[in-house]
file run19.tsv (TSV, N, CA and C atoms and all ligand atoms)
chain	number	residue	atom	x	y	z
T	24	MET	N	145.83	66.03	140.71
T	24	MET	CA	145.78	67.42	141.21
T	24	MET	C	145.50	68.39	140.06
T	25	ASN	N	146.37	68.36	139.06
T	25	ASN	CA	146.20	69.18	137.88
T	25	ASN	C	144.87	68.89	137.17
T	26	LEU	N	144.58	67.64	137.04
T	26	LEU	CA	143.36	67.21	136.38
T	26	LEU	C	142.13	67.70	137.13
T	27	ASN	N	142.21	67.62	138.46
T	27	ASN	CA	141.09	68.08	139.28
T	27	ASN	C	140.77	69.55	139.05
T	28	ILE	N	141.82	70.35	138.94
T	28	ILE	CA	141.61	71.78	138.71
T	28	ILE	C	140.94	72.02	137.35
T	29	ARG	N	141.45	71.30	136.38
T	29	ARG	CA	140.88	71.46	135.03
T	29	ARG	C	139.40	71.06	135.00
T	30	VAL	N	139.07	70.00	135.67
T	30	VAL	CA	137.68	69.56	135.75
T	30	VAL	C	136.83	70.61	136.46
T	31	ALA	N	137.41	71.16	137.54
T	31	ALA	CA	136.69	72.20	138.29
T	31	ALA	C	136.43	73.42	137.43
T	32	VAL	N	137.44	73.84	136.65
T	32	VAL	CA	137.29	75.01	135.77
T	32	VAL	C	136.24	74.74	134.69
T	33	LEU	N	136.30	73.56	134.12
T	33	LEU	CA	135.33	73.17	133.10
T	33	LEU	C	133.92	73.19	133.67
T	34	PHE	N	133.77	72.63	134.85
T	34	PHE	CA	132.47	72.59	135.52
T	34	PHE	C	131.92	74.00	135.75
T	35	LEU	N	132.83	74.86	136.24
T	35	LEU	CA	132.46	76.25	136.53
T	35	LEU	C	132.01	76.95	135.24
T	36	THR	N	132.74	76.72	134.17
T	36	THR	CA	132.42	77.34	132.87
T	36	THR	C	131.03	76.94	132.41
T	37	ILE	N	130.72	75.67	132.55
T	37	ILE	CA	129.40	75.18	132.13
T	37	ILE	C	128.30	75.83	132.95
T	38	VAL	N	128.51	75.90	134.27
T	38	VAL	CA	127.51	76.50	135.16
T	38	VAL	C	127.27	77.96	134.78
T	39	LEU	N	128.36	78.70	134.56
T	39	LEU	CA	128.24	80.12	134.23
T	39	LEU	C	127.51	80.34	132.90
T	40	SER	N	127.82	79.52	131.91
T	40	SER	CA	127.25	79.76	130.58
T	40	SER	C	125.79	79.36	130.50
T	41	THR	N	125.35	78.46	131.37
T	41	THR	CA	123.96	78.03	131.30
T	41	THR	C	123.04	78.83	132.21
T	42	SER	N	123.54	79.27	133.35
T	42	SER	CA	122.64	79.94	134.29
T	42	SER	C	123.03	81.37	134.59
T	43	GLY	N	124.24	81.75	134.25
T	43	GLY	CA	124.75	83.05	134.69
T	43	GLY	C	124.06	84.23	134.06
T	44	CYS	N	124.02	84.29	132.70
T	44	CYS	CA	123.64	85.52	132.03
T	44	CYS	C	122.33	85.32	131.27
T	45	THR	N	121.26	85.88	131.79
T	45	THR	CA	119.97	85.73	131.11
T	45	THR	C	119.93	86.52	129.81
T	46	PHE	N	120.79	87.55	129.68
T	46	PHE	CA	120.81	88.37	128.45
T	46	PHE	C	121.07	87.50	127.23
T	47	ASN	N	121.98	86.55	127.36
T	47	ASN	CA	122.30	85.68	126.24
T	47	ASN	C	121.18	84.70	125.92
T	48	VAL	N	120.41	84.35	126.93
T	48	VAL	CA	119.35	83.37	126.75
T	48	VAL	C	118.09	84.02	126.19
T	49	HIS	N	117.88	85.32	126.56
T	49	HIS	CA	116.67	86.03	126.14
T	49	HIS	C	116.48	86.00	124.63
T	50	LYS	N	115.30	85.60	124.20
T	50	LYS	CA	115.01	85.63	122.78
T	50	LYS	C	114.08	86.81	122.54
T	51	HIS	N	114.51	87.73	121.70
T	51	HIS	CA	113.70	88.93	121.45
T	51	HIS	C	112.35	88.56	120.85
T	52	MET	N	111.33	89.26	121.32
T	52	MET	CA	109.97	89.06	120.80
T	52	MET	C	109.57	90.33	120.05
T	53	GLY	N	109.44	90.23	118.76
T	53	GLY	CA	109.12	91.41	117.97
T	53	GLY	C	107.68	91.85	118.15
T	54	GLY	N	107.45	93.14	118.34
T	54	GLY	CA	106.10	93.68	118.41
T	54	GLY	C	105.65	94.10	117.02
T	55	LEU	N	104.59	94.90	116.96
T	55	LEU	CA	104.12	95.39	115.67
T	55	LEU	C	105.11	96.40	115.12
T	56	PRO	N	105.33	96.39	113.80
T	56	PRO	CA	106.26	97.36	113.21
T	56	PRO	C	105.73	98.79	113.40
T	57	VAL	N	106.62	99.72	113.69
T	57	VAL	CA	106.23	101.12	113.80
T	57	VAL	C	106.92	101.92	112.69
T	58	GLU	N	106.24	103.00	112.30
T	58	GLU	CA	106.79	103.88	111.27
T	58	GLU	C	107.69	104.93	111.90
T	59	GLU	N	108.85	105.15	111.31
T	59	GLU	CA	109.72	106.22	111.77
T	59	GLU	C	110.28	106.98	110.57
T	60	ASN	N	110.67	108.23	110.82
T	60	ASN	CA	111.31	109.07	109.79
T	60	ASN	C	110.48	109.19	108.52
T	61	ARG	N	109.16	109.36	108.70
T	61	ARG	CA	108.30	109.40	107.53
T	61	ARG	C	108.47	110.71	106.77
T	62	ILE	N	108.67	110.59	105.46
T	62	ILE	CA	108.71	111.75	104.56
T	62	ILE	C	107.62	111.53	103.53
T	63	GLU	N	106.64	112.44	103.49
T	63	GLU	CA	105.54	112.27	102.55
T	63	GLU	C	106.04	112.44	101.11
T	64	PRO	N	105.56	111.60	100.21
T	64	PRO	CA	105.94	111.79	98.81
T	64	PRO	C	105.25	113.03	98.25
T	65	THR	N	105.86	113.67	97.27
T	65	THR	CA	105.22	114.79	96.58
T	65	THR	C	104.92	114.36	95.16
T	66	CYS	N	104.45	115.31	94.34
T	66	CYS	CA	104.12	114.98	92.95
T	66	CYS	C	105.32	114.39	92.22
T	67	THR	N	106.50	114.95	92.48
T	67	THR	CA	107.67	114.58	91.68
T	67	THR	C	108.75	113.85	92.47
T	68	GLU	N	108.64	113.83	93.80
T	68	GLU	CA	109.71	113.21	94.58
T	68	GLU	C	109.19	112.08	95.47
T	69	ASP	N	109.94	111.01	95.51
T	69	ASP	CA	109.58	109.88	96.36
T	69	ASP	C	109.67	110.26	97.83
T	70	GLY	N	108.81	109.67	98.63
T	70	GLY	CA	108.93	109.78	100.07
T	70	GLY	C	109.43	108.44	100.59
T	71	SER	N	109.50	108.33	101.91
T	71	SER	CA	109.96	107.06	102.49
T	71	SER	C	109.67	107.03	103.97
T	72	TYR	N	109.75	105.85	104.54
T	72	TYR	CA	109.73	105.73	105.99
T	72	TYR	C	110.49	104.47	106.38
T	73	ASP	N	110.84	104.38	107.66
T	73	ASP	CA	111.47	103.17	108.17
T	73	ASP	C	110.42	102.36	108.90
T	74	SER	N	110.33	101.09	108.59
T	74	SER	CA	109.46	100.17	109.33
T	74	SER	C	110.33	99.44	110.35
T	75	VAL	N	110.11	99.76	111.63
T	75	VAL	CA	111.02	99.28	112.66
T	75	VAL	C	110.29	98.34	113.62
T	76	VAL	N	110.92	97.24	113.93
T	76	VAL	CA	110.35	96.29	114.89
T	76	VAL	C	111.22	96.29	116.14
T	77	TYR	N	110.58	96.53	117.30
T	77	TYR	CA	111.28	96.51	118.57
T	77	TYR	C	110.84	95.30	119.38
T	78	CYS	N	111.73	94.83	120.24
T	78	CYS	CA	111.40	93.75	121.16
T	78	CYS	C	110.40	94.26	122.19
T	79	VAL	N	109.33	93.51	122.41
T	79	VAL	CA	108.30	93.96	123.34
T	79	VAL	C	108.78	93.91	124.79
T	80	ASP	N	109.80	93.12	125.07
T	80	ASP	CA	110.30	92.99	126.44
T	80	ASP	C	111.27	94.10	126.82
T	81	ASP	N	112.27	94.34	125.97
T	81	ASP	CA	113.31	95.27	126.37
T	81	ASP	C	113.53	96.42	125.39
T	82	GLY	N	112.69	96.53	124.36
T	82	GLY	CA	112.76	97.67	123.46
T	82	GLY	C	113.97	97.68	122.54
T	83	VAL	N	114.67	96.57	122.44
T	83	VAL	CA	115.82	96.51	121.54
T	83	VAL	C	115.33	96.45	120.09
T	84	GLU	N	115.97	97.23	119.23
T	84	GLU	CA	115.60	97.24	117.81
T	84	GLU	C	116.00	95.91	117.17
T	85	ILE	N	115.03	95.22	116.60
T	85	ILE	CA	115.30	93.91	116.00
T	85	ILE	C	115.52	94.04	114.50
T	86	SER	N	114.66	94.84	113.85
T	86	SER	CA	114.85	94.99	112.41
T	86	SER	C	114.38	96.38	111.97
T	87	ARG	N	114.93	96.85	110.87
T	87	ARG	CA	114.59	98.17	110.33
T	87	ARG	C	114.60	98.04	108.81
T	88	GLU	N	113.46	98.40	108.20
T	88	GLU	CA	113.34	98.28	106.76
T	88	GLU	C	113.01	99.65	106.19
T	89	HIS	N	113.74	100.07	105.18
T	89	HIS	CA	113.50	101.37	104.56
T	89	HIS	C	112.50	101.20	103.43
T	90	ILE	N	111.32	101.80	103.59
T	90	ILE	CA	110.25	101.64	102.60
T	90	ILE	C	110.14	102.92	101.76
T	91	ILE	N	110.14	102.76	100.45
T	91	ILE	CA	110.00	103.90	99.54
T	91	ILE	C	108.52	104.13	99.23
T	92	LEU	N	108.08	105.38	99.36
T	92	LEU	CA	106.73	105.76	98.94
T	92	LEU	C	106.87	106.46	97.59
T	93	PRO	N	106.39	105.83	96.52
T	93	PRO	CA	106.62	106.40	95.18
T	93	PRO	C	105.99	107.78	95.03
T	94	SER	N	106.61	108.61	94.22
T	94	SER	CA	106.06	109.94	93.97
T	94	SER	C	104.64	109.81	93.41
T	95	LEU	N	103.81	110.82	93.71
T	95	LEU	CA	102.38	110.71	93.42
T	95	LEU	C	102.03	111.02	91.98
T	96	GLY	N	102.87	111.79	91.31
T	96	GLY	CA	102.48	112.28	89.99
T	96	GLY	C	101.55	113.46	90.17
T	97	HIS	N	101.49	114.35	89.19
T	97	HIS	CA	100.64	115.53	89.32
T	97	HIS	C	99.16	115.15	89.29
T	98	ASP	N	98.38	115.83	90.09
T	98	ASP	CA	96.93	115.66	90.08
T	98	ASP	C	96.36	116.75	89.18
T	99	LEU	N	96.22	116.42	87.90
T	99	LEU	CA	95.95	117.46	86.91
T	99	LEU	C	94.48	117.85	86.84
T	100	VAL	N	94.27	119.14	86.74
T	100	VAL	CA	92.94	119.70	86.53
T	100	VAL	C	92.97	120.45	85.21
T	101	ASP	N	92.03	120.11	84.31
T	101	ASP	CA	92.03	120.74	82.98
T	101	ASP	C	91.29	122.08	83.01
T	102	HIS	N	91.81	122.99	82.23
T	102	HIS	CA	91.16	124.30	82.09
T	102	HIS	C	90.99	124.60	80.61
T	103	GLN	N	89.93	125.34	80.31
T	103	GLN	CA	89.70	125.70	78.92
T	103	GLN	C	90.63	126.82	78.50
T	104	GLY	N	90.87	126.88	77.20
T	104	GLY	CA	91.68	127.96	76.65
T	104	GLY	C	90.82	129.19	76.36
T	105	LYS	N	91.49	130.24	75.96
T	105	LYS	CA	90.77	131.47	75.61
T	105	LYS	C	91.45	132.08	74.38
T	106	GLU	N	90.65	132.43	73.40
T	106	GLU	CA	91.18	133.01	72.17
T	106	GLU	C	91.82	134.37	72.46
T	107	ALA	N	92.91	134.63	71.75
T	107	ALA	CA	93.48	135.97	71.83
T	107	ALA	C	92.60	136.94	71.05
T	108	THR	N	92.50	138.17	71.51
T	108	THR	CA	91.77	139.20	70.78
T	108	THR	C	92.76	140.30	70.41
T	109	TYR	N	92.26	141.34	69.85
T	109	TYR	CA	93.15	142.46	69.53
T	109	TYR	C	93.52	143.23	70.79
T	110	GLU	N	92.71	143.11	71.81
T	110	GLU	CA	92.99	143.84	73.05
T	110	GLU	C	93.77	143.02	74.08
T	111	GLU	N	93.52	141.69	74.06
T	111	GLU	CA	94.02	140.87	75.17
T	111	GLU	C	94.76	139.62	74.68
T	112	ASP	N	95.76	139.20	75.44
T	112	ASP	CA	96.37	137.89	75.21
T	112	ASP	C	95.34	136.80	75.49
T	113	GLY	N	95.48	135.69	74.80
T	113	GLY	CA	94.66	134.53	75.14
T	113	GLY	C	95.57	133.46	75.72
T	114	TYR	N	95.03	132.27	75.90
T	114	TYR	CA	95.87	131.15	76.34
T	114	TYR	C	95.32	129.83	75.82
T	115	LEU	N	96.23	128.90	75.67
T	115	LEU	CA	95.86	127.57	75.19
T	115	LEU	C	95.15	126.81	76.31
T	116	PRO	N	94.35	125.79	75.92
T	116	PRO	CA	93.82	124.91	76.98
T	116	PRO	C	94.99	124.38	77.80
T	117	TYR	N	94.86	124.38	79.11
T	117	TYR	CA	96.01	124.01	79.94
T	117	TYR	C	95.56	123.19	81.15
T	118	ALA	N	96.53	122.66	81.83
T	118	ALA	CA	96.25	121.85	83.02
T	118	ALA	C	97.09	122.39	84.18
T	119	THR	N	96.52	122.36	85.36
T	119	THR	CA	97.28	122.69	86.56
T	119	THR	C	97.22	121.51	87.52
T	120	CYS	N	98.13	121.50	88.47
T	120	CYS	CA	98.13	120.45	89.48
T	120	CYS	C	97.47	120.97	90.74
T	121	SER	N	96.62	120.13	91.35
T	121	SER	CA	95.90	120.58	92.55
T	121	SER	C	96.81	120.60	93.77
T	122	ARG	N	97.98	119.99	93.69
T	122	ARG	CA	98.86	119.90	94.86
T	122	ARG	C	100.07	120.82	94.81
T	123	CYS	N	100.49	121.18	93.60
T	123	CYS	CA	101.70	121.99	93.51
T	123	CYS	C	101.53	123.07	92.45
T	124	ASP	N	102.60	123.74	92.12
T	124	ASP	CA	102.53	124.88	91.20
T	124	ASP	C	102.64	124.48	89.74
T	125	TYR	N	102.68	123.20	89.47
T	125	TYR	CA	102.84	122.75	88.09
T	125	TYR	C	101.71	123.26	87.21
T	126	THR	N	102.07	123.77	86.05
T	126	THR	CA	101.06	124.22	85.10
T	126	THR	C	101.60	124.10	83.68
T	127	THR	N	100.70	123.89	82.72
T	127	THR	CA	101.11	123.87	81.31
T	127	THR	C	100.65	125.15	80.62
T	128	TYR	N	100.30	126.14	81.41
T	128	TYR	CA	99.76	127.40	80.91
T	128	TYR	C	100.69	128.04	79.88
T	129	GLN	N	100.12	128.40	78.74
T	129	GLN	CA	100.89	129.07	77.69
T	129	GLN	C	100.04	130.17	77.08
T	130	THR	N	100.56	131.37	77.07
T	130	THR	CA	99.76	132.47	76.52
T	130	THR	C	99.80	132.48	75.00
T	131	ILE	N	98.76	133.02	74.44
T	131	ILE	CA	98.72	133.29	73.00
T	131	ILE	C	98.77	134.82	72.86
T	132	PRO	N	99.78	135.32	72.16
T	132	PRO	CA	99.89	136.79	72.05
T	132	PRO	C	98.65	137.39	71.41
T	133	LYS	N	98.31	138.60	71.84
T	133	LYS	CA	97.11	139.23	71.26
T	133	LYS	C	97.30	139.49	69.77
T	134	LYS	N	96.21	139.55	69.09
T	134	LYS	CA	96.25	139.70	67.64
T	134	LYS	C	96.83	141.05	67.27
T	135	GLN	N	97.54	141.07	66.16
T	135	GLN	CA	98.13	142.32	65.69
T	135	GLN	C	97.18	143.01	64.72
T	201	ZN	ZN	114.37	91.48	123.85
T	202	ZN	ZN	101.89	118.42	91.23
call {"tool": "encode", "arguments": {"input": "run19.tsv", "output": "C-alpha cells"}}
result
Amino acid sequence: MNLNIRVAVLFLTIVLSTSGCTFNVHKHMGGLPVEENRIEPTCTEDGSYDSVVYCVDDGVEISREHIILPSLGHDLVDHQGKEATYEEDGYLPYATCSRCDYTTYQTIPKKQ
C-alpha cells in the first residue's frame, strides 16, 4: 500500500518533469547581436555600447557585452604662425582640432 503510493508519486513526478513545462525544455536561440546604449567616443573620452543577443523565439536576453570605443584623439589641422609687429600681436605656428575646441594657439606679444 505504502509502496504503491510512493511508486505513483515517483511516476507522476517523472511525467510532470518531462512533459509538463515547455519553458524548461526550450533552448534559447540567439539572434544577431544588437547595439544598445551607444555613446560616441570623443577626442579625449572613450565611448561604449552594449552588444546584446536576444532569443529569436521569446526575446529573452541571452548575453550582454560592454564594448569600449576608444577615444579618437584630436584631428589636428596645422596653421601657420604670424610674426609680431610693432602694431599687432603675432602667434606661433599652431594646430587646432577639427572636432573640438582644442588648440595650441599661443600669441607672441607685439614688439616694443
Ligand atoms: Zn528563448
Ligand atoms: Zn579634438
call {"tool": "closest_residue", "arguments": {"input": "run19.tsv", "among": "T:Tyr125, T:Tyr72, T:Tyr117, T:Tyr77", "to": "Met52 (chain T)", "atoms": "only C-alpha atoms"}}
result
T:Tyr77
call {"tool": "residues_near_ligand", "arguments": {"input": "run19.tsv", "ligand": "ligand ZN 201 (chain T)", "cutoff": "7 Å", "atoms": "only N, CA and C atoms and all ligand atoms", "output": "list in words"}}
result
His49, Lys50, His51, Met52, Tyr77, Cys78, Val79, Asp80, Asp81, Gly82 and Val83 of chain T
call {"tool": "residues_around", "arguments": {"input": "run19.tsv", "residues": "Gly113 (chain T)", "least_positions_apart": "3", "cutoff": "6 Å", "atoms": "all atoms listed in the file", "output": "number ranges by chain"}}
result
T: 105-108, 129-133
call {"tool": "residues_around", "arguments": {"input": "run19.tsv", "residues": "region 88-99 of chain T", "least_positions_apart": "5", "cutoff": "6.5 Å", "atoms": "only N, CA and C atoms", "output": "list in words"}}
result
Pro64, Thr65, Cys66, Thr67, Glu68, Asp69, Gly70, Ser71, Tyr72, Asp73, Ser74, Val75, Val76, Ala118, Thr119, Cys120, Ser121 and Arg122 of chain T
call {"tool": "atom_distance", "arguments": {"input": "run19.tsv", "atom1": "atom N of Gln103 (chain T)", "atom2": "CA of Tyr128 (chain T)"}}
result
10.1 Å
call {"tool": "atom_distance", "arguments": {"input": "run19.tsv", "atom1": "CA of Arg87 (chain T)", "atom2": "CA of Ile62 (chain T)"}}
result
15.9 Å
call {"tool": "atom_distance", "arguments": {"input": "run19.tsv", "atom1": "atom N of Asn60 (chain T)", "atom2": "atom ZN of ligand ZN 202 (chain T)"}}
result
23.8 Å
call {"tool": "closest_residue", "arguments": {"input": "run19.tsv", "among": "T:Lys134, T:Ser86, T:Asp124, T:Asp112", "to": "ligand ZN 202 (chain T)", "atoms": "only N, CA and C atoms and all ligand atoms"}}
result
T:Asp124
call {"tool": "closest_residue", "arguments": {"input": "run19.tsv", "among": "T:Leu55, T:Tyr109, T:Pro116, T:Val100", "to": "ligand ZN 202 (chain T)", "atoms": "only C-alpha atoms and all ligand atoms"}}
result
T:Val100
call {"tool": "closest_residue", "arguments": {"input": "run19.tsv", "among": "T:Gly53, T:Arg61, T:Gln135, T:Cys123", "to": "ligand ZN 202 (chain T)", "atoms": "only C-alpha atoms and all ligand atoms"}}
result
T:Cys123
call {"tool": "decode", "arguments": {"input": "run19.tsv", "residues": "region 107-134 of chain T", "atoms": "N, CA, C and O atoms", "output": "short mmCIF file (atom, residue, chain, number, x, y, z; two decimals), in the first residue's frame"}}
result
data_model
loop_
_atom_site.label_atom_id
_atom_site.label_comp_id
_atom_site.auth_asym_id
_atom_site.auth_seq_id
_atom_site.Cartn_x
_atom_site.Cartn_y
_atom_site.Cartn_z
N ALA T 107 55.06 88.83 -34.83
CA ALA T 107 54.56 90.03 -34.16
C ALA T 107 55.15 91.26 -34.81
O ALA T 107 56.28 91.23 -35.30
N THR T 108 54.41 92.34 -34.86
CA THR T 108 54.92 93.61 -35.36
C THR T 108 54.85 94.63 -34.24
O THR T 108 54.44 94.30 -33.12
N TYR T 109 55.18 95.83 -34.54
CA TYR T 109 55.07 96.87 -33.51
C TYR T 109 53.61 97.24 -33.26
O TYR T 109 53.26 97.77 -32.22
N GLU T 110 52.77 96.98 -34.23
CA GLU T 110 51.36 97.33 -34.08
C GLU T 110 50.50 96.18 -33.55
O GLU T 110 49.50 96.40 -32.88
N GLU T 111 50.90 94.95 -33.92
CA GLU T 111 50.00 93.81 -33.68
C GLU T 111 50.70 92.64 -33.00
O GLU T 111 51.88 92.39 -33.28
N ASP T 112 49.97 91.92 -32.16
CA ASP T 112 50.46 90.64 -31.66
C ASP T 112 50.61 89.66 -32.82
O ASP T 112 49.86 89.73 -33.80
N GLY T 113 51.54 88.75 -32.68
CA GLY T 113 51.63 87.66 -33.64
C GLY T 113 51.25 86.36 -32.95
O GLY T 113 50.72 86.36 -31.83
N TYR T 114 51.47 85.26 -33.62
CA TYR T 114 51.23 83.96 -32.97
C TYR T 114 52.16 82.90 -33.54
O TYR T 114 52.60 83.00 -34.70
N LEU T 115 52.43 81.92 -32.72
CA LEU T 115 53.29 80.82 -33.14
C LEU T 115 52.52 79.90 -34.08
O LEU T 115 51.28 79.90 -34.07
N PRO T 116 53.26 79.12 -34.90
CA PRO T 116 52.54 78.09 -35.67
C PRO T 116 51.75 77.21 -34.69
O PRO T 116 52.27 76.87 -33.63
N TYR T 117 50.52 76.90 -35.03
CA TYR T 117 49.69 76.19 -34.07
C TYR T 117 48.81 75.16 -34.77
O TYR T 117 48.74 75.12 -36.01
N ALA T 118 48.18 74.35 -33.97
CA ALA T 118 47.29 73.32 -34.51
C ALA T 118 45.93 73.43 -33.81
O ALA T 118 45.86 73.77 -32.62
N THR T 119 44.88 73.18 -34.56
CA THR T 119 43.55 73.10 -33.96
C THR T 119 42.96 71.73 -34.28
O THR T 119 43.43 71.05 -35.19
N CYS T 120 41.94 71.36 -33.54
CA CYS T 120 41.25 70.10 -33.80
C CYS T 120 39.99 70.38 -34.59
O CYS T 120 39.27 71.34 -34.32
N SER T 121 39.74 69.53 -35.60
CA SER T 121 38.57 69.76 -36.45
C SER T 121 37.28 69.35 -35.75
O SER T 121 36.19 69.69 -36.19
N ARG T 122 37.37 68.63 -34.64
CA ARG T 122 36.16 68.13 -33.97
C ARG T 122 35.82 68.88 -32.68
O ARG T 122 34.67 68.86 -32.25
N CYS T 123 36.82 69.46 -32.05
CA CYS T 123 36.54 70.11 -30.76
C CYS T 123 37.29 71.43 -30.67
O CYS T 123 37.87 71.89 -31.64
N ASP T 124 37.30 72.01 -29.49
CA ASP T 124 37.88 73.34 -29.31
C ASP T 124 39.37 73.32 -29.02
O ASP T 124 39.96 74.35 -28.74
N TYR T 125 39.96 72.15 -29.06
CA TYR T 125 41.38 72.04 -28.73
C TYR T 125 42.22 72.90 -29.66
O TYR T 125 42.03 72.90 -30.88
N THR T 126 43.15 73.63 -29.07
CA THR T 126 44.07 74.43 -29.87
C THR T 126 45.39 74.60 -29.14
O THR T 126 45.43 74.56 -27.90
N THR T 127 46.47 74.76 -29.89
CA THR T 127 47.77 75.03 -29.27
C THR T 127 48.15 76.50 -29.50
O THR T 127 49.30 76.87 -29.35
N TYR T 128 47.17 77.30 -29.87
CA TYR T 128 47.39 78.70 -30.20
C TYR T 128 48.09 79.45 -29.07
O TYR T 128 47.70 79.36 -27.91
N GLN T 129 49.14 80.15 -29.42
CA GLN T 129 49.88 80.96 -28.43
C GLN T 129 50.27 82.28 -29.07
O GLN T 129 50.90 82.29 -30.14
N THR T 130 49.90 83.37 -28.44
CA THR T 130 50.23 84.67 -29.04
C THR T 130 51.67 85.05 -28.76
O THR T 130 52.27 84.62 -27.78
N ILE T 131 52.20 85.85 -29.65
CA ILE T 131 53.50 86.47 -29.44
C ILE T 131 53.22 87.97 -29.22
O ILE T 131 52.59 88.60 -30.08
N PRO T 132 53.64 88.49 -28.07
CA PRO T 132 53.33 89.91 -27.81
C PRO T 132 53.94 90.81 -28.87
O PRO T 132 55.01 90.49 -29.41
N LYS T 133 53.25 91.91 -29.16
CA LYS T 133 53.79 92.81 -30.19
C LYS T 133 55.11 93.41 -29.75
O LYS T 133 55.41 93.49 -28.56
N LYS T 134 55.88 93.78 -30.71
CA LYS T 134 57.23 94.28 -30.43
C LYS T 134 57.15 95.60 -29.67
O LYS T 134 56.25 96.42 -29.92
#
